[in-house]
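Encoded as structure tokens, the structure appears first; notes follow it.
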Amino acid sequence: MIKNSKCLFLFFIISILFLNGCNTLKSRKENLINNCLEPVQNYNAGRSVKGKKINYTKLGSGQNITLLFASIHGSERAAVPLLNHFQEYLIENCNLLNGNTVIIVPVVNPDGLEKKTRYNSNQIDLNRNFPADNRINNNRNGRFALSEPESYILYKIVNMYKPSRVIAFHEALNCIDYDGPADELAKRLADKCKLPLHKVGAQPGSFGSYVGLELNIPIITVEFSKEDSKKSESQLWHDYKDLLLESISY
């Protein structure tokens with residue numbers, strides 16, 4: 001009985017310490033947000049096929065607007081922690097937001113991310129589901145444009161904020177690709193990392209085709225290498241910090 005009481009007491013103490021640690025981290029982040037002169041707002045844009053929330057953060061209020069997103073293909077996961085890290089870095093260094101608005105969507109396809117699959121829960125490739133002139137209607141791309149809630153959410157975000165540029169993260173073609181009027185921006189970003197500049201070409205019904213060709217907004221696709229896909233968050237931050245900072249200041 002005494003032994004059990006000691007175990008319960010230790011469990012109680014450990015639980016208190018753990019909860020206090022979580023509260024300390026939460027308080028630190030809240031303090032950083034409160035001390036930042038620029039607004040930081042978290043939004044729920046909607047839900048996936050399986051009802052998972054698709055969240056995004058809007059940082060700053062300037063007219064130079066950058067939209068960044070990752071994991072439209074659920075099997076491409078490496079950039080998710082990188083974008084979360086970037087968000088925290090901007091909050092800690094909110095002077096970087098002067099004149100800028102940064103919109104970060106870390107996970108576009110939460111169902112696919114959970115299952116580690118390219119597609120959403122309806123087995124649709126979300127990056128072929130947009131209303132571009134080159135789209136192809138079929139069972140893999142969707143029977144019609146924006147048939148999927150996840151692609152419609154990203155469509156709403158880009159049309160609501162009308163960003164100056166879009167940075168999309170994919171794996172693992174090992175290059176900086178671009179669509180629309182993004183030649184100079186693509187060169188600048190390629191200079192900030194180890195990925196070579198390579199024009200892959202507009203894919204049918206892709207977000208790049210829609211944003212770059214239909215909306216005429218510069219869009220960069222950062223295609224991580226296979227090696228990048230295995231790196232830790234800190235390693236990716238080391239390799240792509242300069243690219244991320246250049247993307248919002250360009």
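Please note that chains go A, B, ... in the order of the structure tokens, that every chain numbers its residues from 1, and that ligands are numbered from 1 in the order shown.
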
Contacts of Lys162 of chain A at 12 Å or less, counting only C-alpha atoms, minus same-chain residues fewer than 2 places along, as a PDB file with C-alpha atoms, in the first residue's frame?
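The resulting file, result.pdb, is shown below:
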```pdb
ATOM      1  CA  GLN A  63       0.766  45.149 -48.763  1.00  0.00           C
ATOM      2  CA  ASN A  64       3.658  42.863 -49.736  1.00  0.00           C
ATOM      3  CA  ILE A  65       1.831  39.541 -49.317  1.00  0.00           C
ATOM      4  CA  THR A  66       3.473  36.105 -49.419  1.00  0.00           C
ATOM      5  CA  LEU A  67       1.505  32.856 -49.243  1.00  0.00           C
ATOM      6  CA  THR A 101       1.907  40.041 -44.719  1.00  0.00           C
ATOM      7  CA  VAL A 102       2.866  36.369 -44.490  1.00  0.00           C
ATOM      8  CA  ILE A 103       0.210  33.673 -44.750  1.00  0.00           C
ATOM      9  CA  LEU A 154      -6.622  26.852 -50.910  1.00  0.00           C
ATOM     10  CA  TYR A 155      -8.516  28.424 -53.815  1.00  0.00           C
ATOM     11  CA  LYS A 156     -10.451  30.621 -51.364  1.00  0.00           C
ATOM     12  CA  ILE A 157      -7.296  31.711 -49.540  1.00  0.00           C
ATOM     13  CA  VAL A 158      -5.442  32.770 -52.690  1.00  0.00           C
ATOM     14  CA  ASN A 159      -8.443  34.674 -54.024  1.00  0.00           C
ATOM     15  CA  MET A 160      -9.204  36.315 -50.704  1.00  0.00           C
ATOM     16  CA  SER A 164       2.155  39.144 -54.345  1.00  0.00           C
ATOM     17  CA  ARG A 165       3.739  35.712 -54.660  1.00  0.00           C
ATOM     18  CA  VAL A 166       3.171  32.084 -53.631  1.00  0.00           C
ATOM     19  CA  VAL A 211      -2.121  30.749 -59.916  1.00  0.00           C
ATOM     20  CA  LEU A 215      -4.179  34.639 -62.055  1.00  0.00           C
ATOM     21  CA  ASN A 216      -0.752  35.790 -63.301  1.00  0.00           C
ATOM     22  CA  ILE A 217       0.708  35.617 -59.790  1.00  0.00           C
ATOM     23  CA  PRO A 218       4.365  34.528 -59.452  1.00  0.00           C
TER      24      PRO A 218
END
```

Compile the contact shell of Glu227 of chain A as a PyMOL selection string: residues with an atom at most 12 Å away, counting only C-alpha atoms, same-chain residues fewer than 6 positions apart removed.
chain A and resi 78+171-174+194-195+235-236+239

Using DSSP on the backbone coordinates, identify all residues within segment 27-200 of chain A classified as alpha helix (DSSP H); present the result as an NGL selection string.
:A and (27-35 or 79-92 or 110-115 or 149-161 or 183-190)

At a cut-off of 10 Å, using only C-alpha atoms, what residues contact Gly112 of chain A? Leave out same-chain residues fewer than 3 positions from it and give the result as JSON, numbers by chain.
{"A": [48, 71, 72, 73, 74, 75, 76, 77, 107, 108, 109, 115, 116, 117, 118, 119, 120, 121, 122, 123, 125]}

Taking C-alpha atoms for each residue, export the selection above as a tab-separated table (two decimals), in the first residue's frame.
```
chain	number	residue	atom	x	y	z
A	48	SER	CA	-10.89	18.01	-44.98
A	71	SER	CA	1.76	19.03	-47.88
A	72	ILE	CA	-0.87	19.41	-50.59
A	73	HIS	CA	0.43	15.90	-51.23
A	74	GLY	CA	0.20	14.10	-47.90
A	75	SER	CA	3.27	11.96	-48.57
A	76	GLU	CA	5.39	15.13	-48.88
A	77	ARG	CA	5.83	15.96	-45.21
A	107	VAL	CA	-0.84	21.33	-44.08
A	108	VAL	CA	-3.27	21.50	-47.00
A	109	ASN	CA	-4.02	17.76	-47.03
A	115	LYS	CA	-2.06	8.20	-44.07
A	116	LYS	CA	1.27	9.20	-45.68
A	117	THR	CA	-0.34	9.16	-49.11
A	118	ARG	CA	-0.22	11.64	-51.99
A	119	TYR	CA	-3.99	11.81	-52.33
A	120	ASN	CA	-6.85	12.99	-50.15
A	121	SER	CA	-9.46	10.64	-48.68
A	122	ASN	CA	-11.38	10.61	-51.95
A	123	GLN	CA	-8.21	9.41	-53.72
A	125	ASP	CA	-4.66	14.40	-56.38
```

What does the structure give for the distance between atom CA of Asn137 of chain A and atom CA of Ser151 of chain A, in Å to one decimal?
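Separation of atom CA of Asn137 of chain A and atom CA of Ser151 of chain A: 14.6 Å.
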
Any idea what's packed within 8 Å of Gly205 of chain A, counting only C-alpha atoms, ignoring anything in its chain fewer than 6 positions away? Could you give it as a ChimeraX atom specification?
/A:127-136,141,145

Just asking: which residues within segment 5-220 of chain A are strand (DSSP E) according to DSSP, as a PyMOL selection string?
chain A and resi 40-47+53-60+64-70+100-105+165-171+175-179+219-220

Serialized selection, C-alpha atoms, as a PDB file, in the first residue's frame:
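Saved result, again-v5.pdb, follows:
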```pdb
ATOM      1  CA  VAL A  40      -0.641  37.557 -35.678  1.00  0.00           C
ATOM      2  CA  GLN A  41      -3.949  35.804 -36.346  1.00  0.00           C
ATOM      3  CA  ASN A  42      -4.784  32.099 -36.499  1.00  0.00           C
ATOM      4  CA  TYR A  43      -7.667  30.906 -38.629  1.00  0.00           C
ATOM      5  CA  ASN A  44      -9.521  27.697 -39.391  1.00  0.00           C
ATOM      6  CA  ALA A  45     -10.195  27.793 -43.143  1.00  0.00           C
ATOM      7  CA  GLY A  46     -12.378  24.692 -43.197  1.00  0.00           C
ATOM      8  CA  ARG A  47     -12.180  20.916 -42.953  1.00  0.00           C
ATOM      9  CA  LYS A  53      -9.250  21.209 -39.575  1.00  0.00           C
ATOM     10  CA  ILE A  54      -7.140  23.047 -42.140  1.00  0.00           C
ATOM     11  CA  ASN A  55      -5.580  25.960 -40.288  1.00  0.00           C
ATOM     12  CA  TYR A  56      -3.478  28.874 -41.379  1.00  0.00           C
ATOM     13  CA  THR A  57      -1.732  31.826 -39.747  1.00  0.00           C
ATOM     14  CA  LYS A  58      -1.690  35.398 -41.019  1.00  0.00           C
ATOM     15  CA  LEU A  59       1.258  37.447 -39.772  1.00  0.00           C
ATOM     16  CA  GLY A  60       1.571  41.161 -40.390  1.00  0.00           C
ATOM     17  CA  ASN A  64       3.658  42.863 -49.736  1.00  0.00           C
ATOM     18  CA  ILE A  65       1.831  39.541 -49.317  1.00  0.00           C
ATOM     19  CA  THR A  66       3.473  36.105 -49.419  1.00  0.00           C
ATOM     20  CA  LEU A  67       1.505  32.856 -49.243  1.00  0.00           C
ATOM     21  CA  LEU A  68       3.433  29.717 -48.266  1.00  0.00           C
ATOM     22  CA  PHE A  69       1.986  26.218 -48.015  1.00  0.00           C
ATOM     23  CA  ALA A  70       3.056  22.587 -47.726  1.00  0.00           C
ATOM     24  CA  ASN A 100       4.751  42.488 -45.128  1.00  0.00           C
ATOM     25  CA  THR A 101       1.907  40.041 -44.719  1.00  0.00           C
ATOM     26  CA  VAL A 102       2.866  36.369 -44.490  1.00  0.00           C
ATOM     27  CA  ILE A 103       0.210  33.673 -44.750  1.00  0.00           C
ATOM     28  CA  ILE A 104       1.323  30.162 -43.795  1.00  0.00           C
ATOM     29  CA  VAL A 105      -0.715  27.016 -44.446  1.00  0.00           C
ATOM     30  CA  ARG A 165       3.739  35.712 -54.660  1.00  0.00           C
ATOM     31  CA  VAL A 166       3.171  32.084 -53.631  1.00  0.00           C
ATOM     32  CA  ILE A 167       5.774  29.594 -52.373  1.00  0.00           C
ATOM     33  CA  ALA A 168       4.710  25.929 -52.517  1.00  0.00           C
ATOM     34  CA  PHE A 169       6.769  23.102 -51.018  1.00  0.00           C
ATOM     35  CA  HIS A 170       6.961  19.673 -52.632  1.00  0.00           C
ATOM     36  CA  GLU A 171       9.251  16.625 -52.792  1.00  0.00           C
ATOM     37  CA  CYS A 175      14.879  21.946 -58.007  1.00  0.00           C
ATOM     38  CA  ILE A 176      13.355  25.412 -57.855  1.00  0.00           C
ATOM     39  CA  ASP A 177      10.453  25.370 -60.322  1.00  0.00           C
ATOM     40  CA  TYR A 178       8.134  28.263 -61.159  1.00  0.00           C
ATOM     41  CA  ASP A 179       5.007  29.295 -63.031  1.00  0.00           C
ATOM     42  CA  ILE A 219       4.458  31.064 -57.906  1.00  0.00           C
ATOM     43  CA  ILE A 220       7.571  29.153 -56.877  1.00  0.00           C
TER      44      ILE A 220
END
```

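Taking atom CA of Glu233 of chain A as the reference point, atom CA of Leu90 of chain A is found at 16.0 Å.
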
Length of the atom CA of Ala182 of chain A to atom CA of Gly212 of chain A vector [Å]
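Answer for the atom CA of Ala182 of chain A to atom CA of Gly212 of chain A separation: 8.3 Å.
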
Under the rule that only C-alpha atoms are counted, which of A:Glu148, A:Leu126, A:Leu113, A:Pro39 is the nearest residue to Ser206 of chain A?
A:Leu126

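Between His238 of chain A and the candidates A:Cys36, A:His198, A:Pro181, A:His85, the tightest atom-to-atom separation, counting only C-alpha atoms, involves A:His85.
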
Nearest to Leu244 of chain A: which of A:Leu82, A:Leu197, A:Leu37, A:Ala202 is it, counting only C-alpha atoms?
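Result for the nearest residue to Leu244 of chain A: A:Leu82.
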